[in-house]
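Asks: Contents of run.txt (compact mmCIF, C-alpha atoms) are below:
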```txt
# COMPACT_ATOMS: atom_id res chain seq x y z
CA MET A 1325 -45.04 -5.10 21.68
CA LYS A 1326 -44.83 -7.93 24.19
CA LYS A 1327 -43.06 -7.24 27.45
CA ASN A 1328 -41.40 -10.64 27.46
CA ASN A 1329 -39.84 -9.68 24.11
CA LEU A 1330 -38.02 -6.72 25.68
CA LEU A 1331 -34.32 -6.76 26.51
CA THR A 1332 -32.32 -4.28 28.50
CA THR A 1333 -29.62 -2.30 26.72
CA GLY A 1334 -26.95 -4.56 28.20
CA ALA A 1335 -28.75 -7.77 27.23
CA PHE A 1336 -29.41 -6.56 23.67
CA ALA A 1337 -25.79 -5.43 23.33
CA ARG A 1338 -24.56 -8.88 24.39
CA LEU A 1339 -26.92 -10.51 21.91
CA CYS A 1340 -25.47 -8.36 19.13
CA ASN A 1341 -21.88 -8.77 20.39
CA ILE A 1342 -21.36 -5.02 20.73
CA THR A 1343 -21.01 -2.50 23.55
CA LYS A 1344 -23.82 -0.46 25.04
CA HIS A 1345 -22.03 2.66 23.84
CA THR A 1346 -22.65 1.57 20.24
CA LEU A 1347 -26.38 1.44 20.91
CA PHE A 1348 -26.23 4.84 22.62
CA HIS A 1349 -24.41 6.29 19.60
CA TYR A 1350 -26.90 4.80 17.14
CA GLU A 1351 -29.72 6.29 19.21
CA ASP A 1352 -28.03 9.71 19.29
CA ILE A 1353 -27.78 9.87 15.51
CA GLY A 1354 -31.26 8.45 15.04
CA ILE A 1355 -30.47 5.35 13.04
CA PHE A 1356 -31.53 2.74 15.63
CA LEU A 1357 -33.77 3.57 18.58
CA PRO A 1358 -34.93 1.57 21.60
CA ALA A 1359 -38.39 0.08 21.31
CA TYR A 1360 -39.37 1.46 24.70
CA THR A 1361 -38.04 3.84 27.34
CA ASP A 1362 -39.63 3.77 30.78
CA GLU A 1363 -40.36 6.68 33.11
CA LYS A 1364 -36.92 6.32 34.74
CA GLY A 1365 -35.13 6.57 31.38
CA TYR A 1366 -34.18 2.91 31.09
CA ARG A 1367 -34.07 1.74 27.50
CA TYR A 1368 -35.45 -1.54 26.22
CA TYR A 1369 -35.09 -3.22 22.84
CA ASP A 1370 -37.55 -5.59 21.23
CA ILE A 1371 -36.04 -8.98 20.38
CA LEU A 1372 -37.38 -8.53 16.84
CA GLN A 1373 -35.10 -5.50 16.42
CA TYR A 1374 -32.21 -7.93 16.21
CA ASP A 1375 -32.83 -8.42 12.48
CA THR A 1376 -32.71 -4.68 11.86
CA PHE A 1377 -29.49 -4.33 13.82
CA CYS A 1378 -27.92 -7.16 11.80
CA THR A 1379 -28.93 -5.38 8.60
CA ILE A 1380 -27.17 -2.21 9.78
CA ALA A 1381 -24.10 -4.18 10.81
CA GLN A 1382 -23.86 -6.01 7.47
CA LEU A 1383 -24.31 -2.85 5.43
CA LYS A 1384 -21.66 -1.14 7.53
CA LEU A 1385 -19.24 -3.96 6.70
CA THR A 1386 -19.64 -3.18 2.99
CA GLY A 1387 -18.28 0.31 3.62
CA MET A 1388 -21.54 2.26 3.73
CA SER A 1389 -21.64 5.17 6.15
CA LEU A 1390 -24.24 5.24 8.89
CA LYS A 1391 -25.90 8.19 7.16
CA GLU A 1392 -26.14 6.20 3.92
CA ILE A 1393 -27.54 3.21 5.81
CA GLU A 1394 -30.13 5.39 7.53
CA GLY A 1395 -31.28 6.77 4.18
CA TYR A 1396 -31.57 3.29 2.74
CA LEU A 1397 -33.52 1.90 5.71
CA GLU A 1398 -36.05 4.71 5.46
CA ASN A 1399 -36.79 3.87 1.81
CA ARG A 1400 -35.95 0.17 1.48
CA SER A 1401 -37.75 -2.13 -0.92
CA PRO A 1402 -36.92 -5.41 -2.68
CA ARG A 1403 -35.92 -3.53 -5.85
CA LYS A 1404 -33.76 -1.05 -3.93
CA MET A 1405 -32.17 -3.99 -2.10
CA ILE A 1406 -31.13 -5.58 -5.41
CA GLU A 1407 -29.73 -2.27 -6.71
CA LEU A 1408 -27.85 -1.65 -3.47
CA PHE A 1409 -26.36 -5.13 -3.28
CA THR A 1410 -25.29 -4.94 -6.93
CA ASP A 1411 -23.52 -1.62 -6.29
CA GLN A 1412 -21.92 -2.83 -3.08
CA THR A 1413 -20.67 -6.00 -4.77
CA ALA A 1414 -18.70 -3.80 -7.17
CA VAL A 1415 -17.32 -1.82 -4.22
CA ILE A 1416 -16.27 -5.04 -2.48
CA ASP A 1417 -14.58 -6.34 -5.65
CA LYS A 1418 -12.52 -3.14 -5.77
CA LYS A 1419 -11.57 -3.54 -2.11
CA ILE A 1420 -10.54 -7.16 -2.69
CA LYS A 1421 -8.29 -6.03 -5.54
CA GLU A 1422 -6.75 -3.35 -3.32
CA LEU A 1423 -6.16 -5.83 -0.49
CA GLN A 1424 -4.58 -8.33 -2.89
CA GLN A 1425 -2.24 -5.59 -4.06
CA ILE A 1426 -1.34 -4.70 -0.46
CA LYS A 1427 -0.63 -8.37 0.24
CA GLN A 1428 1.56 -8.56 -2.86
CA ASN A 1429 3.44 -5.45 -1.72
CA LEU A 1430 4.03 -6.87 1.76
CA ASN A 1431 5.28 -10.19 0.39
CA TYR A 1432 7.65 -8.36 -1.97
CA LEU A 1433 9.00 -6.23 0.87
CA CYS A 1434 9.52 -9.24 3.12
CA ARG A 1435 11.36 -11.24 0.43
CA SER A 1436 13.57 -8.27 -0.46
CA ALA A 1437 14.44 -7.49 3.16
CA GLU A 1438 15.17 -11.15 3.95
CA LYS A 1439 17.60 -11.35 1.02
CA ALA A 1440 19.34 -8.16 2.11
CA LEU A 1441 19.74 -9.33 5.71
CA SER A 1442 20.95 -12.82 4.79
CA THR A 1443 23.44 -11.90 2.05
CA GLU A 1444 27.08 -12.23 3.07
CA ASN A 1445 28.91 -11.48 -0.20
CA PRO A 1446 29.65 -7.77 -0.68
CA VAL A 1447 29.17 -8.00 -4.47
CA PHE A 1448 27.67 -10.92 -6.33
CA ILE A 1449 25.92 -11.91 -9.55
CA ALA A 1450 22.24 -12.82 -9.32
CA ARG A 1451 19.54 -13.69 -11.82
CA GLU A 1452 16.85 -10.98 -11.86
CA PRO A 1453 13.39 -11.41 -13.39
CA GLU A 1454 11.86 -9.03 -15.90
CA ALA A 1455 10.05 -6.11 -14.28
CA VAL A 1456 7.83 -3.28 -15.48
CA LEU A 1457 9.00 0.03 -14.05
CA VAL A 1458 6.94 3.21 -14.11
CA LEU A 1459 9.27 6.22 -14.28
CA SER A 1460 9.03 9.76 -13.04
CA ALA A 1461 10.02 12.73 -15.13
CA PRO A 1462 13.81 12.98 -15.49
CA MET A 1463 15.52 14.59 -12.52
CA GLN A 1464 18.60 16.77 -12.40
CA GLU A 1465 20.22 18.55 -9.43
CA ALA A 1466 16.93 18.54 -7.47
CA ASP A 1467 16.60 19.51 -3.81
CA ASP A 1468 14.69 17.45 -1.23
CA TYR A 1469 11.44 19.36 -1.82
CA LYS A 1470 11.55 18.81 -5.58
CA MET A 1471 12.51 15.15 -5.22
CA THR A 1472 9.67 14.43 -2.79
CA SER A 1473 7.15 16.24 -4.99
CA VAL A 1474 8.20 14.33 -8.10
CA PHE A 1475 8.07 10.98 -6.30
CA GLY A 1476 4.67 11.80 -4.77
CA ASN A 1477 3.29 12.66 -8.20
CA LEU A 1478 4.66 9.40 -9.57
CA VAL A 1479 2.85 7.35 -6.91
CA THR A 1480 -0.36 9.30 -7.53
CA SER A 1481 -0.14 8.63 -11.26
CA VAL A 1482 0.02 4.84 -10.85
CA ARG A 1483 -2.28 4.42 -7.86
CA GLU A 1484 -5.31 3.61 -9.99
CA ASN A 1485 -3.58 0.88 -12.04
CA GLY A 1486 -1.62 -0.53 -9.13
CA TYR A 1487 2.04 -0.73 -8.28
CA ILE A 1488 4.40 -2.72 -6.09
CA PHE A 1489 6.86 -1.41 -3.57
CA PRO A 1490 9.76 -1.08 -2.99
CA SER A 1491 10.62 1.95 -5.08
CA GLY A 1492 13.90 3.35 -6.20
CA MET A 1493 15.74 5.32 -8.84
CA ILE A 1494 17.71 4.56 -11.97
CA ARG A 1495 20.89 6.36 -12.94
CA ARG A 1496 23.16 6.20 -15.98
CA ILE A 1497 26.41 4.33 -15.44
CA GLN A 1498 28.30 6.83 -17.58
CA ASP A 1499 27.27 9.67 -15.26
CA LEU A 1500 28.33 7.79 -12.12
CA LYS A 1501 31.74 6.97 -13.53
CA ILE A 1502 32.54 10.68 -13.88
CA GLY A 1503 31.02 11.64 -10.53
CA GLU A 1504 27.81 13.15 -11.94
CA GLU A 1505 25.35 11.29 -9.68
CA LYS A 1506 22.70 14.01 -9.95
CA LYS A 1507 23.00 14.73 -13.64
CA HIS A 1508 20.24 12.49 -14.99
CA TYR A 1509 18.03 10.04 -13.11
CA HIS A 1510 14.45 8.89 -12.62
CA PHE A 1511 12.43 7.62 -9.69
CA TYR A 1512 10.53 4.43 -10.34
CA VAL A 1513 7.94 2.08 -8.86
CA HIS A 1514 7.14 -1.42 -10.02
CA GLY A 1515 4.06 -1.30 -12.23
CA LEU A 1516 1.58 -4.10 -12.75
CA SER A 1517 1.23 -3.56 -16.50
CA HIS A 1518 3.10 -2.03 -19.42
CA ASP A 1519 0.35 0.37 -20.44
CA ASN A 1520 1.77 3.86 -20.87
CA ASN A 1521 4.71 5.79 -22.23
CA ALA A 1522 6.21 6.33 -18.78
CA THR A 1523 7.14 2.67 -18.35
CA MET A 1524 10.34 0.83 -19.12
CA ILE A 1525 11.18 -2.85 -18.97
CA LYS A 1526 13.93 -3.94 -16.65
CA PRO A 1527 15.07 -6.99 -18.63
CA GLU A 1528 15.56 -10.44 -17.21
CA GLY A 1529 19.19 -11.39 -16.90
CA ASP A 1530 22.31 -11.64 -14.76
CA TYR A 1531 22.89 -8.59 -12.59
CA LEU A 1532 25.80 -7.41 -10.52
CA VAL A 1533 24.26 -6.80 -7.10
CA THR A 1534 25.33 -5.27 -3.82
CA TYR A 1535 23.61 -3.73 -0.80
CA HIS A 1536 24.32 -0.25 0.51
CA THR A 1537 23.88 1.15 4.03
CA GLY A 1538 25.05 4.52 5.24
CA GLY A 1539 22.92 7.16 3.58
CA TYR A 1540 22.70 8.56 0.09
CA GLU A 1541 25.78 10.72 0.55
CA LYS A 1542 28.00 7.63 0.63
CA LEU A 1543 26.55 5.96 -2.46
CA ARG A 1544 29.56 6.98 -4.54
CA ASP A 1545 31.73 4.57 -2.55
CA THR A 1546 29.36 1.70 -3.29
CA HIS A 1547 29.25 2.63 -6.97
CA LYS A 1548 33.06 2.42 -7.07
CA LYS A 1549 32.88 -0.99 -5.41
CA ILE A 1550 30.65 -2.26 -8.23
CA PHE A 1551 32.84 -0.78 -10.95
CA THR A 1552 36.00 -2.23 -9.39
CA TYR A 1553 34.44 -5.70 -9.20
CA ALA A 1554 33.35 -5.46 -12.85
CA GLU A 1555 36.82 -4.42 -13.99
CA GLU A 1556 38.58 -7.12 -12.01
CA ASN A 1557 36.26 -9.79 -13.41
CA HIS A 1558 36.19 -8.41 -16.98
CA LEU A 1559 32.43 -7.76 -16.94
CA THR A 1560 30.66 -5.37 -19.29
CA LEU A 1561 27.91 -3.42 -17.56
CA ASP A 1562 24.68 -2.15 -19.06
CA LYS A 1563 23.90 1.58 -19.15
CA TRP A 1564 21.52 1.77 -16.15
CA ILE A 1565 21.98 1.03 -12.47
CA PHE A 1566 18.88 0.32 -10.39
CA GLU A 1567 18.96 1.57 -6.78
CA GLU A 1568 16.05 0.14 -4.83
CA ILE A 1569 15.06 0.76 -1.22
CA VAL A 1570 14.56 -2.64 0.42
CA ILE A 1571 14.56 -1.46 4.04
CA GLY A 1572 13.37 2.10 4.46
CA ASP A 1573 11.33 4.20 6.85
CA TYR A 1574 9.00 1.28 7.56
CA GLY A 1575 11.93 -0.67 9.08
CA VAL A 1576 14.40 1.87 10.46
CA SER A 1577 14.14 5.35 11.95
CA ARG A 1578 16.89 7.22 10.10
CA PRO A 1579 17.74 7.56 6.38
CA GLU A 1580 21.34 6.69 7.25
CA GLU A 1581 20.10 3.21 8.21
CA TYR A 1582 18.21 2.57 4.98
CA VAL A 1583 19.30 -0.49 3.02
CA LEU A 1584 19.46 -0.04 -0.74
CA LYS A 1585 19.87 -2.78 -3.29
CA LEU A 1586 22.06 -1.73 -6.22
CA ALA A 1587 21.80 -3.82 -9.38
CA VAL A 1588 23.22 -3.37 -12.85
CA LYS A 1589 22.77 -5.81 -15.72
CA VAL A 1590 25.83 -7.66 -16.96
CA ASN A 1591 26.04 -7.73 -20.75
CA LYS A 1592 27.53 -10.78 -22.42
```
Could you render the structure as structure tokens?
Replies:
Amino acid sequence: MKKNNLLTTGAFARLCNITKHTLFHYEDIGIFLPAYTDEKGYRYYDILQYDTFCTIAQLKLTGMSLKEIEGYLENRSPRKMIELFTDQTAVIDKKIKELQQIKQNLNYLCRSAEKALSTENPVFIAREPEAVLVLSAPMQEADDYKMTSVFGNLVTSVRENGYIFPSGMIRRIQDLKIGEEKKHYHFYVHGLSHDNNATMIKPEGDYLVTYHTGGYEKLRDTHKKIFTYAEENHLTLDKWIFEEIVIGDYGVSRPEEYVLKLAVKVNK
């Protein structure tokens, strides 16, 4: 070890673009130690330790824990390096897929919220694309605890295959017309593929659309608004109405401020 190769803790931290506390922490857990400590307790790092620190930093970026990195460094070899990098590449591919899904979700939420905030017509007809919906078990007269549990289980069931927010519920038009809002309905999320029996296709077509604000208790008034518009314009409605949250807890603080998009297909 050459003395002119030694750097103080502060100098080595600046070289690595980290804080001294990171070096202290790495020393405490035993993964990266100073090359030399003098009689006064001052720590010094060899300039050649820079490569080792970069290895730790890069492995940490792949998602490895410091304990895993320590174990690898103690037993590293060219063959182990190849095995590790192959495994970590698969981990990174999975993370990229997850991040792409998150980006897709955020874009969907932004587009939906922008449409809701910019729409002036109380009820209008809009062209809706086909969508794959993953449904919960059928619901009937459920309390808040049951509803939350069912929706949570739905999200868990599709997490592996991916899904897109926002979420919502579907109800039967015939139930709403007789005031039976809680008689038969499902929660749904937008799926990325039609690969199980719990999915349904929301068909492409012209939909009667409106936005609702004011809490779930006042949904009946908005339902009546849709039915009145359909009657006045001699429109035949399909059997399902889709009620989708476009601005929810992520945008407002109270359920009464949520914005729901209500859409029902118009049959020719």
Asks: May I have the residues within 12 Å of Asp1370 (chain A) as an NGL selection string, using all atoms listed in the file and disregarding those fewer than 5 positions away in the same chain?
Replies: :A and (1325-1333 or 1335-1337 or 1339 or 1356-1361 or 1375-1377)
Asks: Could you check how far CA of Gly1529 (chain A) sits from CA of Val1590 (chain A), in Å to one decimal?
Replies: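 Answer for the CA of Gly1529 (chain A) to CA of Val1590 (chain A) separation: 7.6 Å.
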Asks: Which is closer to Lys1542 (chain A) than all the others in A:Glu1452, A:Glu1580, A:Glu1392, A:Asp1499, using all atoms listed in the file?
Replies: A:Glu1580
Asks: When you count all atoms listed in the file, which of these residues is closest to Tyr1553 (chain A): A:Phe1409, A:Phe1448, A:Tyr1432, A:Tyr1540?
Replies: A:Phe1448
Asks: Let me make sure I understand: among A:Gln1464, A:Thr1343, A:Asn1445, A:Ser1436, which one has the smallest atom-to-atom distance to Ser1491 (chain A) if we use all atoms listed in the file?
Replies: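 Smallest separation from Ser1491 (chain A) among the options: A:Ser1436.
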Asks: Could you check how far CA of Ala1440 (chain A) sits from CA of Glu1555 (chain A), in Å to one decimal?
Replies: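 These two atoms are separated by 24.1 Å.
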Asks: Within 12 Å of (8.1, 13.9, -5.7) in the file's own coordinates, which protein, DNA or RNA residues have an atom, counting only C-alpha atoms? List them as a PyMOL selection string.
Replies: chain A and resi 1459-1463+1466-1481+1493+1510-1512
Asks: Which residues are close to Glu1528 (chain A), i.e. within 9 Å by all atoms listed in the file, leaving aside same-chain residues fewer than 3 positions away? Reply as a list in words.
Replies: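 That gives Arg1451, Glu1452, Pro1453, Glu1454, Ala1455, Ile1525, Tyr1531 and Lys1589 of chain A.
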Asks: Write the residues you've just listed into a file as a short mmCIF file (atom, residue, chain, number, x, y, z; two decimals), in the coordinates of the input, and include C-alpha atoms for each of them.
Replies:
```cif
data_model
loop_
_atom_site.label_atom_id
_atom_site.label_comp_id
_atom_site.auth_asym_id
_atom_site.auth_seq_id
_atom_site.Cartn_x
_atom_site.Cartn_y
_atom_site.Cartn_z
CA ARG A 1451 19.54 -13.69 -11.82
CA GLU A 1452 16.85 -10.98 -11.86
CA PRO A 1453 13.39 -11.41 -13.39
CA GLU A 1454 11.86 -9.03 -15.90
CA ALA A 1455 10.05 -6.11 -14.28
CA ILE A 1525 11.18 -2.85 -18.97
CA TYR A 1531 22.89 -8.59 -12.59
CA LYS A 1589 22.77 -5.81 -15.72
#
```
Asks: So which residues touch Ala1587 (chain A) within 7 Å, counting all atoms listed in the file, skipping near sequence neighbours fewer than 2 positions away, as a tab-separated table (two decimals) with C-alpha atoms, in the coordinates of the input?
Replies:
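In the end it all went to selection37.tsv:
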```tsv
chain	number	residue	atom	x	y	z
A	1531	TYR	CA	22.89	-8.59	-12.59
A	1532	LEU	CA	25.80	-7.41	-10.52
A	1533	VAL	CA	24.26	-6.80	-7.10
A	1534	THR	CA	25.33	-5.27	-3.82
A	1565	ILE	CA	21.98	1.03	-12.47
A	1566	PHE	CA	18.88	0.32	-10.39
A	1567	GLU	CA	18.96	1.57	-6.78
A	1585	LYS	CA	19.87	-2.78	-3.29
A	1589	LYS	CA	22.77	-5.81	-15.72
```
Asks: Find the residue from A:Ile1502, A:Leu1383, A:Ile1571, A:Cys1434 that sits nearest to Tyr1396 (chain A); use all atoms listed in the file when measuring.
Replies: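 Ranked by minimum distance to Tyr1396 (chain A), first place goes to A:Leu1383.
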